[in-house]
>>> print(open('query_13.cif').read())   # mmCIF, C-alpha atoms
data_work
#
loop_
_atom_site.group_PDB
_atom_site.id
_atom_site.type_symbol
_atom_site.label_atom_id
_atom_site.label_comp_id
_atom_site.auth_asym_id
_atom_site.auth_seq_id
_atom_site.Cartn_x
_atom_site.Cartn_y
_atom_site.Cartn_z
ATOM 1 C CA MET A 1 -26.205 -23.112 -7.301
ATOM 2 C CA GLU A 2 -24.278 -25.201 -4.752
ATOM 3 C CA GLU A 3 -21.773 -26.221 -7.424
ATOM 4 C CA ARG A 4 -21.179 -22.583 -8.357
ATOM 5 C CA ILE A 5 -20.592 -21.718 -4.704
ATOM 6 C CA LYS A 6 -18.120 -24.604 -4.360
ATOM 7 C CA ARG A 7 -16.325 -23.528 -7.542
ATOM 8 C CA GLU A 8 -16.026 -19.920 -6.377
ATOM 9 C CA LEU A 9 -14.664 -20.964 -2.983
ATOM 10 C CA THR A 10 -12.265 -23.463 -4.546
ATOM 11 C CA GLU A 11 -10.934 -20.854 -6.972
ATOM 12 C CA ALA A 12 -10.432 -18.388 -4.110
ATOM 13 C CA SER A 13 -8.581 -21.052 -2.140
ATOM 14 C CA LEU A 14 -6.292 -21.838 -5.085
ATOM 15 C CA VAL A 15 -5.367 -18.170 -5.504
ATOM 16 C CA THR A 16 -4.614 -17.925 -1.783
ATOM 17 C CA GLN A 17 -2.449 -21.042 -1.977
ATOM 18 C CA SER A 18 -0.568 -19.488 -4.888
ATOM 19 C CA LEU A 19 0.182 -16.461 -2.684
ATOM 20 C CA VAL A 20 1.571 -18.853 -0.071
ATOM 21 C CA ASN A 21 3.664 -20.728 -2.640
ATOM 22 C CA ASN A 22 4.917 -17.841 -4.759
ATOM 23 C CA HIS A 23 4.523 -14.428 -3.142
ATOM 24 C CA ILE A 24 5.819 -14.555 0.444
ATOM 25 C CA ALA A 25 8.975 -12.614 -0.512
ATOM 26 C CA ASP A 26 6.887 -10.025 -2.393
ATOM 27 C CA ILE A 27 4.559 -9.478 0.560
ATOM 28 C CA LYS A 28 7.565 -9.181 2.867
ATOM 29 C CA LYS A 29 8.997 -6.506 0.556
ATOM 30 C CA VAL A 30 5.697 -4.568 0.666
ATOM 31 C CA VAL A 31 5.893 -4.574 4.467
ATOM 32 C CA GLU A 32 9.558 -3.524 4.428
ATOM 33 C CA LEU A 33 8.931 -0.635 2.016
ATOM 34 C CA VAL A 34 6.028 0.628 4.114
ATOM 35 C CA ILE A 35 7.988 0.357 7.370
ATOM 36 C CA GLN A 36 10.928 2.179 5.782
ATOM 37 C CA ALA A 37 8.611 4.989 4.653
ATOM 38 C CA TYR A 38 7.168 5.404 8.129
ATOM 39 C CA LYS A 39 10.585 5.357 9.785
ATOM 40 C CA GLU A 40 11.757 8.071 7.371
ATOM 41 C CA GLY A 41 8.735 10.304 8.025
ATOM 42 C CA GLY A 42 6.741 9.324 4.958
ATOM 43 C CA ARG A 43 3.294 7.882 4.501
ATOM 44 C CA VAL A 44 1.326 5.375 2.447
ATOM 45 C CA VAL A 45 -0.723 6.733 -0.455
ATOM 46 C CA MET A 46 -3.139 4.345 -2.165
ATOM 47 C CA LEU A 47 -5.285 4.537 -5.277
ATOM 48 C CA GLY A 48 -7.438 2.487 -7.614
ATOM 49 C CA ASN A 49 -10.764 2.506 -9.467
ATOM 50 C CA GLY A 50 -14.076 0.872 -8.538
ATOM 51 C CA GLY A 51 -13.530 -2.108 -6.247
ATOM 52 C CA SER A 52 -9.835 -1.261 -6.094
ATOM 53 C CA ALA A 53 -10.756 2.224 -4.846
ATOM 54 C CA ALA A 54 -12.766 0.587 -2.080
ATOM 55 C CA ASP A 55 -9.822 -1.697 -1.285
ATOM 56 C CA ALA A 56 -7.495 1.315 -1.088
ATOM 57 C CA GLN A 57 -9.859 3.101 1.295
ATOM 58 C CA HIS A 58 -10.268 -0.014 3.452
ATOM 59 C CA ILE A 59 -6.524 -0.567 3.842
ATOM 60 C CA VAL A 60 -5.901 3.121 4.569
ATOM 61 C CA ALA A 61 -8.552 2.946 7.305
ATOM 62 C CA GLU A 62 -6.682 0.032 8.929
ATOM 63 C CA LEU A 63 -3.435 2.028 8.879
ATOM 64 C CA VAL A 64 -4.891 5.276 10.200
ATOM 65 C CA ASN A 65 -7.057 3.658 12.883
ATOM 66 C CA TYR A 66 -5.753 0.170 13.719
ATOM 67 C CA LEU A 67 -6.136 -3.459 12.722
ATOM 68 C CA TYR A 68 -5.107 -5.412 15.839
ATOM 69 C CA MET A 69 -3.616 -2.850 18.233
ATOM 70 C CA PRO A 70 -6.260 -0.510 19.707
ATOM 71 C CA GLY A 71 -4.756 2.605 21.184
ATOM 72 C CA ARG A 72 -1.640 2.586 19.032
ATOM 73 C CA PRO A 73 -0.577 5.874 17.430
ATOM 74 C CA MET A 74 -2.117 6.466 14.033
ATOM 75 C CA LEU A 75 -0.137 5.868 10.872
ATOM 76 C CA ASP A 76 -0.225 8.521 8.166
ATOM 77 C CA ALA A 77 -2.020 7.070 5.161
ATOM 78 C CA LEU A 78 -4.134 8.558 2.407
ATOM 79 C CA SER A 79 -6.448 7.211 -0.264
ATOM 80 C CA LEU A 80 -6.676 9.390 -3.362
ATOM 81 C CA THR A 81 -10.260 8.200 -3.913
ATOM 82 C CA VAL A 82 -12.072 10.009 -1.098
ATOM 83 C CA ASN A 83 -12.150 13.759 -1.808
ATOM 84 C CA THR A 84 -15.088 14.134 -4.173
ATOM 85 C CA SER A 85 -14.537 17.860 -4.736
ATOM 86 C CA VAL A 86 -10.931 17.324 -5.805
ATOM 87 C CA MET A 87 -11.807 14.261 -7.886
ATOM 88 C CA THR A 88 -14.670 15.908 -9.740
ATOM 89 C CA ALA A 89 -12.691 19.112 -10.318
ATOM 90 C CA ILE A 90 -9.797 17.188 -11.838
ATOM 91 C CA GLY A 91 -12.087 14.885 -13.820
ATOM 92 C CA ASN A 92 -14.122 17.783 -15.180
ATOM 93 C CA ASP A 93 -11.345 20.291 -15.798
ATOM 94 C CA ILE A 94 -8.369 18.244 -16.974
ATOM 95 C CA GLY A 95 -9.697 14.722 -17.493
ATOM 96 C CA TYR A 96 -10.336 11.535 -15.553
ATOM 97 C CA GLU A 97 -6.996 10.084 -16.641
ATOM 98 C CA ASN A 98 -5.345 12.789 -14.482
ATOM 99 C CA LEU A 99 -7.433 11.999 -11.397
ATOM 100 C CA PHE A 100 -4.575 10.508 -9.376
ATOM 101 C CA SER A 101 -1.485 12.007 -11.021
ATOM 102 C CA ARG A 102 -2.617 15.554 -10.248
ATOM 103 C CA GLN A 103 -3.109 14.657 -6.575
ATOM 104 C CA ILE A 104 0.288 12.950 -6.467
ATOM 105 C CA GLU A 105 1.931 16.098 -7.848
ATOM 106 C CA SER A 106 0.365 18.021 -4.966
ATOM 107 C CA LEU A 107 0.622 15.575 -2.063
ATOM 108 C CA VAL A 108 3.350 12.961 -2.533
ATOM 109 C CA THR A 109 7.055 13.292 -1.667
ATOM 110 C CA GLU A 110 10.113 11.079 -2.036
ATOM 111 C CA LYS A 111 9.535 9.793 1.517
ATOM 112 C CA ASP A 112 6.187 8.213 0.591
ATOM 113 C CA VAL A 113 5.117 4.813 -0.713
ATOM 114 C CA VAL A 114 2.446 4.829 -3.425
ATOM 115 C CA ILE A 115 0.423 1.618 -3.751
ATOM 116 C CA ALA A 116 -1.332 1.619 -7.128
ATOM 117 C CA ILE A 117 -4.056 -0.989 -7.634
ATOM 118 C CA SER A 118 -5.480 -2.086 -10.993
ATOM 119 C CA THR A 119 -6.851 -5.580 -11.561
ATOM 120 C CA SER A 120 -6.160 -5.297 -15.306
ATOM 121 C CA GLY A 121 -2.972 -3.276 -15.010
ATOM 122 C CA ASN A 122 -4.285 -1.056 -17.794
ATOM 123 C CA SER A 123 -6.215 1.756 -16.072
ATOM 124 C CA PRO A 124 -4.965 4.995 -17.689
ATOM 125 C CA ASN A 125 -5.309 7.060 -14.509
ATOM 126 C CA VAL A 126 -3.373 4.461 -12.495
ATOM 127 C CA LEU A 127 -0.611 4.338 -15.117
ATOM 128 C CA LYS A 128 -0.338 8.148 -15.075
ATOM 129 C CA ALA A 129 -0.253 8.064 -11.268
ATOM 130 C CA ILE A 130 2.711 5.689 -11.327
ATOM 131 C CA GLU A 131 4.573 7.980 -13.710
ATOM 132 C CA ALA A 132 3.807 10.996 -11.489
ATOM 133 C CA ALA A 133 5.070 9.117 -8.418
ATOM 134 C CA LYS A 134 8.281 8.289 -10.272
ATOM 135 C CA LYS A 135 8.847 12.002 -10.947
ATOM 136 C CA VAL A 136 8.879 12.759 -7.212
ATOM 137 C CA ASN A 137 11.013 9.663 -6.467
ATOM 138 C CA ALA A 138 8.387 8.028 -4.256
ATOM 139 C CA LYS A 139 8.561 4.271 -3.734
ATOM 140 C CA ILE A 140 5.991 2.567 -5.961
ATOM 141 C CA ILE A 141 4.205 -0.728 -5.413
ATOM 142 C CA GLY A 142 1.749 -2.073 -7.970
ATOM 143 C CA TRP A 143 -0.936 -4.671 -7.298
ATOM 144 C CA THR A 144 -2.537 -6.171 -10.387
ATOM 145 C CA GLY A 145 -3.762 -9.384 -12.024
ATOM 146 C CA LYS A 146 -2.125 -12.262 -13.854
ATOM 147 C CA THR A 147 -0.644 -10.517 -16.887
ATOM 148 C CA GLY A 148 0.223 -7.233 -15.196
ATOM 149 C CA GLY A 149 -1.089 -5.367 -18.223
ATOM 150 C CA LYS A 150 0.713 -2.113 -19.019
ATOM 151 C CA MET A 151 1.787 -1.818 -15.367
ATOM 152 C CA ALA A 152 4.194 -4.683 -16.036
ATOM 153 C CA LEU A 153 6.026 -2.475 -18.544
ATOM 154 C CA ILE A 154 6.748 0.271 -16.004
ATOM 155 C CA ASP A 155 9.818 0.138 -13.786
ATOM 156 C CA MET A 156 8.719 0.300 -10.146
ATOM 157 C CA ASP A 157 9.949 -0.937 -6.785
ATOM 158 C CA LEU A 158 7.600 -3.927 -6.728
ATOM 159 C CA LEU A 159 4.789 -5.301 -8.864
ATOM 160 C CA ILE A 160 2.651 -8.116 -7.467
ATOM 161 C CA LYS A 161 0.686 -9.964 -10.149
ATOM 162 C CA ILE A 162 -2.100 -12.097 -8.700
ATOM 163 C CA PRO A 163 -2.264 -15.383 -10.648
ATOM 164 C CA SER A 164 -5.849 -15.001 -11.838
ATOM 165 C CA THR A 165 -7.843 -13.226 -14.524
ATOM 166 C CA ASP A 166 -11.017 -13.204 -12.392
ATOM 167 C CA VAL A 167 -11.552 -9.706 -10.987
ATOM 168 C CA ALA A 168 -13.141 -10.978 -7.764
ATOM 169 C CA ARG A 169 -10.254 -13.370 -7.069
ATOM 170 C CA ILE A 170 -7.702 -10.636 -7.784
ATOM 171 C CA GLN A 171 -9.436 -8.178 -5.454
ATOM 172 C CA GLU A 172 -9.717 -10.787 -2.689
ATOM 173 C CA ALA A 173 -5.988 -11.446 -2.947
ATOM 174 C CA HIS A 174 -5.209 -7.720 -2.862
ATOM 175 C CA MET A 175 -7.184 -7.434 0.378
ATOM 176 C CA LYS A 176 -5.340 -10.411 1.853
ATOM 177 C CA ILE A 177 -2.036 -8.710 1.071
ATOM 178 C CA GLY A 178 -3.353 -5.435 2.506
ATOM 179 C CA HIS A 179 -4.443 -7.014 5.764
ATOM 180 C CA ILE A 180 -1.150 -8.890 6.138
ATOM 181 C CA MET A 181 0.713 -5.645 5.437
ATOM 182 C CA CYS A 182 -1.258 -3.729 8.074
ATOM 183 C CA SER A 183 -0.813 -6.482 10.647
ATOM 184 C CA LEU A 184 2.943 -6.760 10.189
ATOM 185 C CA VAL A 185 3.509 -3.006 9.969
ATOM 186 C CA GLU A 186 1.687 -2.568 13.294
ATOM 187 C CA LYS A 187 3.694 -5.363 14.896
ATOM 188 C CA GLU A 188 7.060 -4.111 13.672
ATOM 189 C CA LEU A 189 6.560 -0.396 14.287
ATOM 190 C CA PHE A 190 4.962 -0.516 17.673
ATOM 191 C CA GLN A 191 7.469 -2.927 19.197
ATOM 192 C CA ASP A 192 10.055 -0.315 18.272
ATOM 193 C CA LYS A 193 10.472 2.133 21.196
ATOM 194 C CA ARG A 194 10.897 5.026 18.736
ATOM 195 C CA PHE A 195 7.268 4.558 17.692
ATOM 196 C CA LYS A 196 5.655 4.242 21.163
#
>>> encode(input="query_13.cif", output="structure tokens")
Amino acid sequence: MEERIKRELTEASLVTQSLVNNHIADIKKVVELVIQAYKEGGRVVMLGNGGSAADAQHIVAELVNYLYMPGRPMLDALSLTVNTSVMTAIGNDIGYENLFSRQIESLVTEKDVVIAISTSGNSPNVLKAIEAAKKVNAKIIGWTGKTGGKMALIDMDLLIKIPSTDVARIQEAHMKIGHIMCSLVEKELFQDKRFK
């Protein structure tokens, strides 16, 4: 058991080191796109399935409440995975693959940033969400795993492919990016007198 624990921790460390070595510019671009959206009156909209849905909700909570700056103004952010009535209505009436795209058609504007998360890059409802976000000219950021799956075939503002095929490692890296994003967005926006 100890060897398995060591292996898991070592693999997680290697993925983190790969982010340091290869994805600093990508993470910076995520932060810049989010800051731009907020400065232009937009918001962050996040989505994903399963563990990625939980990640989306977690990151949105950090934006709406705070990560490091208690008392700061809230930031407008929305996870498309929290309204069970809407989700079950869409899933039942027009199909699970439309779960996010239908909400995007209703809620997202060209001022917003959509962060679509899929560890495989192949989730049909995430792919449809990206296409719906393109139709309203929202900024689109994809977070996925090593190959990028079908997400890699879609033109978007930024696609970050985590260099792993292990779902747990990919999700851990997505959360690292999310926490860094929240931290830097707070720092940049709330030093700016326009946002105090």
>>> closest_residue(input="query_13.cif", among="A:Ile180, A:Val15, A:Asp112, A:Lys146", to="A:Tyr38", atoms="all atoms listed in the file")
A:Asp112
>>> resolve_selection(input="query_13.cif", expression="the PyMOL selection byres ((chain A and resi 39) around 12)", output="list in words")
Glu32, Leu33, Val34, Ile35, Gln36, Ala37, Tyr38, Glu40, Gly41, Gly42, Arg43, Val44, Leu75, Asp76, Lys111, Asp112, Val113, Val185, Glu188, Leu189, Phe190, Asp192, Lys193, Arg194 and Phe195 of chain A
>>> closest_residue(input="query_13.cif", among="A:Cys182, A:Ala12, A:Ile5, A:Ile59", to="A:Thr165", atoms="only C-alpha atoms")
A:Ala12
>>> closest_residue(input="query_13.cif", among="A:Val82, A:Ala152, A:Ala138, A:Ile160", to="A:Ala173", atoms="all atoms listed in the file")
A:Ile160
>>> resolve_selection(input="query_13.cif", expression="the PyMOL selection byres ((chain A and resi 27) around 12)", output="ChimeraX atom specification")
/A:19-26,28-34,141-143,158-162,173-185
>>> write_last_selection(input="query_13.cif", atoms="C-alpha atoms", output="PDB file, keeping the file's coordinate frame")
ATOM      1  CA  LEU A  19       0.182 -16.461  -2.684  1.00  0.00           C
ATOM      2  CA  VAL A  20       1.571 -18.853  -0.071  1.00  0.00           C
ATOM      3  CA  ASN A  21       3.664 -20.728  -2.640  1.00  0.00           C
ATOM      4  CA  ASN A  22       4.917 -17.841  -4.759  1.00  0.00           C
ATOM      5  CA  HIS A  23       4.523 -14.428  -3.142  1.00  0.00           C
ATOM      6  CA  ILE A  24       5.819 -14.555   0.444  1.00  0.00           C
ATOM      7  CA  ALA A  25       8.975 -12.614  -0.512  1.00  0.00           C
ATOM      8  CA  ASP A  26       6.887 -10.025  -2.393  1.00  0.00           C
ATOM      9  CA  LYS A  28       7.565  -9.181   2.867  1.00  0.00           C
ATOM     10  CA  LYS A  29       8.997  -6.506   0.556  1.00  0.00           C
ATOM     11  CA  VAL A  30       5.697  -4.568   0.666  1.00  0.00           C
ATOM     12  CA  VAL A  31       5.893  -4.574   4.467  1.00  0.00           C
ATOM     13  CA  GLU A  32       9.558  -3.524   4.428  1.00  0.00           C
ATOM     14  CA  LEU A  33       8.931  -0.635   2.016  1.00  0.00           C
ATOM     15  CA  VAL A  34       6.028   0.628   4.114  1.00  0.00           C
ATOM     16  CA  ILE A 141       4.205  -0.728  -5.413  1.00  0.00           C
ATOM     17  CA  GLY A 142       1.749  -2.073  -7.970  1.00  0.00           C
ATOM     18  CA  TRP A 143      -0.936  -4.671  -7.298  1.00  0.00           C
ATOM     19  CA  LEU A 158       7.600  -3.927  -6.728  1.00  0.00           C
ATOM     20  CA  LEU A 159       4.789  -5.301  -8.864  1.00  0.00           C
ATOM     21  CA  ILE A 160       2.651  -8.116  -7.467  1.00  0.00           C
ATOM     22  CA  LYS A 161       0.686  -9.964 -10.149  1.00  0.00           C
ATOM     23  CA  ILE A 162      -2.100 -12.097  -8.700  1.00  0.00           C
ATOM     24  CA  ALA A 173      -5.988 -11.446  -2.947  1.00  0.00           C
ATOM     25  CA  HIS A 174      -5.209  -7.720  -2.862  1.00  0.00           C
ATOM     26  CA  MET A 175      -7.184  -7.434   0.378  1.00  0.00           C
ATOM     27  CA  LYS A 176      -5.340 -10.411   1.853  1.00  0.00           C
ATOM     28  CA  ILE A 177      -2.036  -8.710   1.071  1.00  0.00           C
ATOM     29  CA  GLY A 178      -3.353  -5.435   2.506  1.00  0.00           C
ATOM     30  CA  HIS A 179      -4.443  -7.014   5.764  1.00  0.00           C
ATOM     31  CA  ILE A 180      -1.150  -8.890   6.138  1.00  0.00           C
ATOM     32  CA  MET A 181       0.713  -5.645   5.437  1.00  0.00           C
ATOM     33  CA  CYS A 182      -1.258  -3.729   8.074  1.00  0.00           C
ATOM     34  CA  SER A 183      -0.813  -6.482  10.647  1.00  0.00           C
ATOM     35  CA  LEU A 184       2.943  -6.760  10.189  1.00  0.00           C
ATOM     36  CA  VAL A 185       3.509  -3.006   9.969  1.00  0.00           C
TER      37      VAL A 185
END
>>> closest_atom_pairs(input="query_13.cif", of="stretch 39-80 of chain A", to="stretch 117-129 of chain A", cutoff="9 Å", atoms="all atoms listed in the file", output="JSON lines")
{"residue": "A:Met46", "atom": "CA", "partner": "A:Ile117", "partner_atom": "CA", "distance": 7.7}
{"residue": "A:Leu47", "atom": "CA", "partner": "A:Ile117", "partner_atom": "CA", "distance": 6.1}
{"residue": "A:Gly48", "atom": "CA", "partner": "A:Ile117", "partner_atom": "CA", "distance": 4.8}
{"residue": "A:Asn49", "atom": "CA", "partner": "A:Ser118", "partner_atom": "CA", "distance": 7.2}
{"residue": "A:Ser52", "atom": "CA", "partner": "A:Ile117", "partner_atom": "CA", "distance": 6.0}
{"residue": "A:Ala53", "atom": "CA", "partner": "A:Ile117", "partner_atom": "CA", "distance": 7.9}
{"residue": "A:Asp55", "atom": "CA", "partner": "A:Ile117", "partner_atom": "CA", "distance": 8.6}
{"residue": "A:Ala56", "atom": "CA", "partner": "A:Ile117", "partner_atom": "CA", "distance": 7.7}
>>> closest_residue(input="query_13.cif", among="A:Ile94, A:Ala133, A:Leu80, A:Met87", to="A:Met156", atoms="only C-alpha atoms")
A:Ala133
>>> atom_distance(input="query_13.cif", atom1="atom CA of A:Thr16", atom2="atom CA of A:Pro70")
27.7 Å
>>> atom_distance(input="query_13.cif", atom1="atom CA of A:Ala116", atom2="atom CA of A:Lys139")
10.8 Å
>>> resolve_selection(input="query_13.cif", expression="the PyMOL selection byres ((chain A and resi 105) around 12)", output="compact mmCIF listing (two decimals) with C-alpha atoms, in the coordinates of the input")
# COMPACT_ATOMS: atom_id res chain seq x y z
CA LEU A 80 -6.68 9.39 -3.36
CA ASN A 98 -5.34 12.79 -14.48
CA LEU A 99 -7.43 12.00 -11.40
CA PHE A 100 -4.58 10.51 -9.38
CA SER A 101 -1.48 12.01 -11.02
CA ARG A 102 -2.62 15.55 -10.25
CA GLN A 103 -3.11 14.66 -6.58
CA ILE A 104 0.29 12.95 -6.47
CA SER A 106 0.36 18.02 -4.97
CA LEU A 107 0.62 15.58 -2.06
CA VAL A 108 3.35 12.96 -2.53
CA THR A 109 7.06 13.29 -1.67
CA GLU A 110 10.11 11.08 -2.04
CA LYS A 128 -0.34 8.15 -15.08
CA ALA A 129 -0.25 8.06 -11.27
CA ILE A 130 2.71 5.69 -11.33
CA GLU A 131 4.57 7.98 -13.71
CA ALA A 132 3.81 11.00 -11.49
CA ALA A 133 5.07 9.12 -8.42
CA LYS A 134 8.28 8.29 -10.27
CA LYS A 135 8.85 12.00 -10.95
CA VAL A 136 8.88 12.76 -7.21
CA ASN A 137 11.01 9.66 -6.47
CA ALA A 138 8.39 8.03 -4.26
>>> axis_aligned_box(input="query_13.cif", around="stretch 181-191 of chain A", padding_each_side="6 Å", output="JSON")
{"center_x": 3.1, "center_y": -3.6, "center_z": 12.3, "size_x": 20.7, "size_y": 18.4, "size_z": 25.8}
>>> decode(input="query_13.cif", residues="stretch 117-143 of chain A", atoms="N, CA and C atoms", output="PDB file, in the first residue's frame")
ATOM      1  N   ILE A 117     -14.979  22.004 -19.010  1.00  0.00           N
ATOM      2  CA  ILE A 117     -14.053  21.018 -18.462  1.00  0.00           C
ATOM      3  C   ILE A 117     -14.493  19.616 -18.866  1.00  0.00           C
ATOM      4  N   SER A 118     -13.559  18.856 -19.440  1.00  0.00           N
ATOM      5  CA  SER A 118     -13.797  17.446 -19.762  1.00  0.00           C
ATOM      6  C   SER A 118     -12.455  16.735 -19.740  1.00  0.00           C
ATOM      7  N   THR A 119     -12.280  15.786 -18.832  1.00  0.00           N
ATOM      8  CA  THR A 119     -10.979  15.119 -18.733  1.00  0.00           C
ATOM      9  C   THR A 119     -10.640  14.357 -20.010  1.00  0.00           C
ATOM     10  N   SER A 120     -11.645  13.827 -20.693  1.00  0.00           N
ATOM     11  CA  SER A 120     -11.409  13.097 -21.944  1.00  0.00           C
ATOM     12  C   SER A 120     -11.406  14.014 -23.160  1.00  0.00           C
ATOM     13  N   GLY A 121     -12.107  15.138 -23.036  1.00  0.00           N
ATOM     14  CA  GLY A 121     -12.297  16.018 -24.184  1.00  0.00           C
ATOM     15  C   GLY A 121     -13.377  15.535 -25.129  1.00  0.00           C
ATOM     16  N   ASN A 122     -14.109  14.508 -24.731  1.00  0.00           N
ATOM     17  CA  ASN A 122     -15.084  13.884 -25.627  1.00  0.00           C
ATOM     18  C   ASN A 122     -16.524  13.912 -25.126  1.00  0.00           C
ATOM     19  N   SER A 123     -16.808  14.588 -24.038  1.00  0.00           N
ATOM     20  CA  SER A 123     -18.169  14.599 -23.488  1.00  0.00           C
ATOM     21  C   SER A 123     -19.110  15.330 -24.443  1.00  0.00           C
ATOM     22  N   PRO A 124     -20.128  14.637 -24.980  1.00  0.00           N
ATOM     23  CA  PRO A 124     -21.005  15.273 -25.973  1.00  0.00           C
ATOM     24  C   PRO A 124     -21.654  16.566 -25.487  1.00  0.00           C
ATOM     25  N   ASN A 125     -22.080  16.610 -24.224  1.00  0.00           N
ATOM     26  CA  ASN A 125     -22.742  17.826 -23.748  1.00  0.00           C
ATOM     27  C   ASN A 125     -21.756  18.984 -23.591  1.00  0.00           C
ATOM     28  N   VAL A 126     -20.506  18.687 -23.302  1.00  0.00           N
ATOM     29  CA  VAL A 126     -19.481  19.737 -23.226  1.00  0.00           C
ATOM     30  C   VAL A 126     -19.156  20.248 -24.632  1.00  0.00           C
ATOM     31  N   LEU A 127     -19.042  19.343 -25.584  1.00  0.00           N
ATOM     32  CA  LEU A 127     -18.770  19.748 -26.970  1.00  0.00           C
ATOM     33  C   LEU A 127     -19.899  20.629 -27.511  1.00  0.00           C
ATOM     34  N   LYS A 128     -21.147  20.249 -27.237  1.00  0.00           N
ATOM     35  CA  LYS A 128     -22.282  21.073 -27.680  1.00  0.00           C
ATOM     36  C   LYS A 128     -22.289  22.424 -26.976  1.00  0.00           C
ATOM     37  N   ALA A 129     -21.864  22.449 -25.723  1.00  0.00           N
ATOM     38  CA  ALA A 129     -21.792  23.713 -24.979  1.00  0.00           C
ATOM     39  C   ALA A 129     -20.788  24.658 -25.624  1.00  0.00           C
ATOM     40  N   ILE A 130     -19.653  24.126 -26.030  1.00  0.00           N
ATOM     41  CA  ILE A 130     -18.631  24.955 -26.682  1.00  0.00           C
ATOM     42  C   ILE A 130     -19.190  25.547 -27.969  1.00  0.00           C
ATOM     43  N   GLU A 131     -19.870  24.738 -28.746  1.00  0.00           N
ATOM     44  CA  GLU A 131     -20.458  25.235 -29.996  1.00  0.00           C
ATOM     45  C   GLU A 131     -21.511  26.312 -29.717  1.00  0.00           C
ATOM     46  N   ALA A 132     -22.313  26.119 -28.671  1.00  0.00           N
ATOM     47  CA  ALA A 132     -23.322  27.128 -28.316  1.00  0.00           C
ATOM     48  C   ALA A 132     -22.658  28.426 -27.875  1.00  0.00           C
ATOM     49  N   ALA A 133     -21.569  28.326 -27.128  1.00  0.00           N
ATOM     50  CA  ALA A 133     -20.844  29.525 -26.680  1.00  0.00           C
ATOM     51  C   ALA A 133     -20.236  30.265 -27.864  1.00  0.00           C
ATOM     52  N   LYS A 134     -19.789  29.510 -28.864  1.00  0.00           N
ATOM     53  CA  LYS A 134     -19.250  30.155 -30.072  1.00  0.00           C
ATOM     54  C   LYS A 134     -20.330  30.970 -30.780  1.00  0.00           C
ATOM     55  N   LYS A 135     -21.559  30.464 -30.789  1.00  0.00           N
ATOM     56  CA  LYS A 135     -22.651  31.156 -31.483  1.00  0.00           C
ATOM     57  C   LYS A 135     -22.976  32.508 -30.867  1.00  0.00           C
ATOM     58  N   VAL A 136     -22.719  32.664 -29.565  1.00  0.00           N
ATOM     59  CA  VAL A 136     -22.980  33.958 -28.921  1.00  0.00           C
ATOM     60  C   VAL A 136     -21.698  34.782 -28.783  1.00  0.00           C
ATOM     61  N   ASN A 137     -20.613  34.292 -29.381  1.00  0.00           N
ATOM     62  CA  ASN A 137     -19.316  34.985 -29.377  1.00  0.00           C
ATOM     63  C   ASN A 137     -18.715  35.171 -27.991  1.00  0.00           C
ATOM     64  N   ALA A 138     -19.018  34.249 -27.074  1.00  0.00           N
ATOM     65  CA  ALA A 138     -18.364  34.271 -25.765  1.00  0.00           C
ATOM     66  C   ALA A 138     -16.920  33.802 -25.931  1.00  0.00           C
ATOM     67  N   LYS A 139     -16.062  34.198 -25.007  1.00  0.00           N
ATOM     68  CA  LYS A 139     -14.707  33.645 -24.958  1.00  0.00           C
ATOM     69  C   LYS A 139     -14.832  32.221 -24.428  1.00  0.00           C
ATOM     70  N   ILE A 140     -14.021  31.314 -24.962  1.00  0.00           N
ATOM     71  CA  ILE A 140     -14.120  29.906 -24.577  1.00  0.00           C
ATOM     72  C   ILE A 140     -12.749  29.383 -24.186  1.00  0.00           C
ATOM     73  N   ILE A 141     -12.705  28.784 -22.996  1.00  0.00           N
ATOM     74  CA  ILE A 141     -11.507  28.126 -22.491  1.00  0.00           C
ATOM     75  C   ILE A 141     -11.869  26.671 -22.236  1.00  0.00           C
ATOM     76  N   GLY A 142     -11.059  25.761 -22.737  1.00  0.00           N
ATOM     77  CA  GLY A 142     -11.257  24.343 -22.476  1.00  0.00           C
ATOM     78  C   GLY A 142     -10.152  23.802 -21.593  1.00  0.00           C
ATOM     79  N   TRP A 143     -10.529  22.971 -20.633  1.00  0.00           N
ATOM     80  CA  TRP A 143      -9.569  22.252 -19.796  1.00  0.00           C
ATOM     81  C   TRP A 143      -9.825  20.767 -20.010  1.00  0.00           C
TER      82      TRP A 143
END
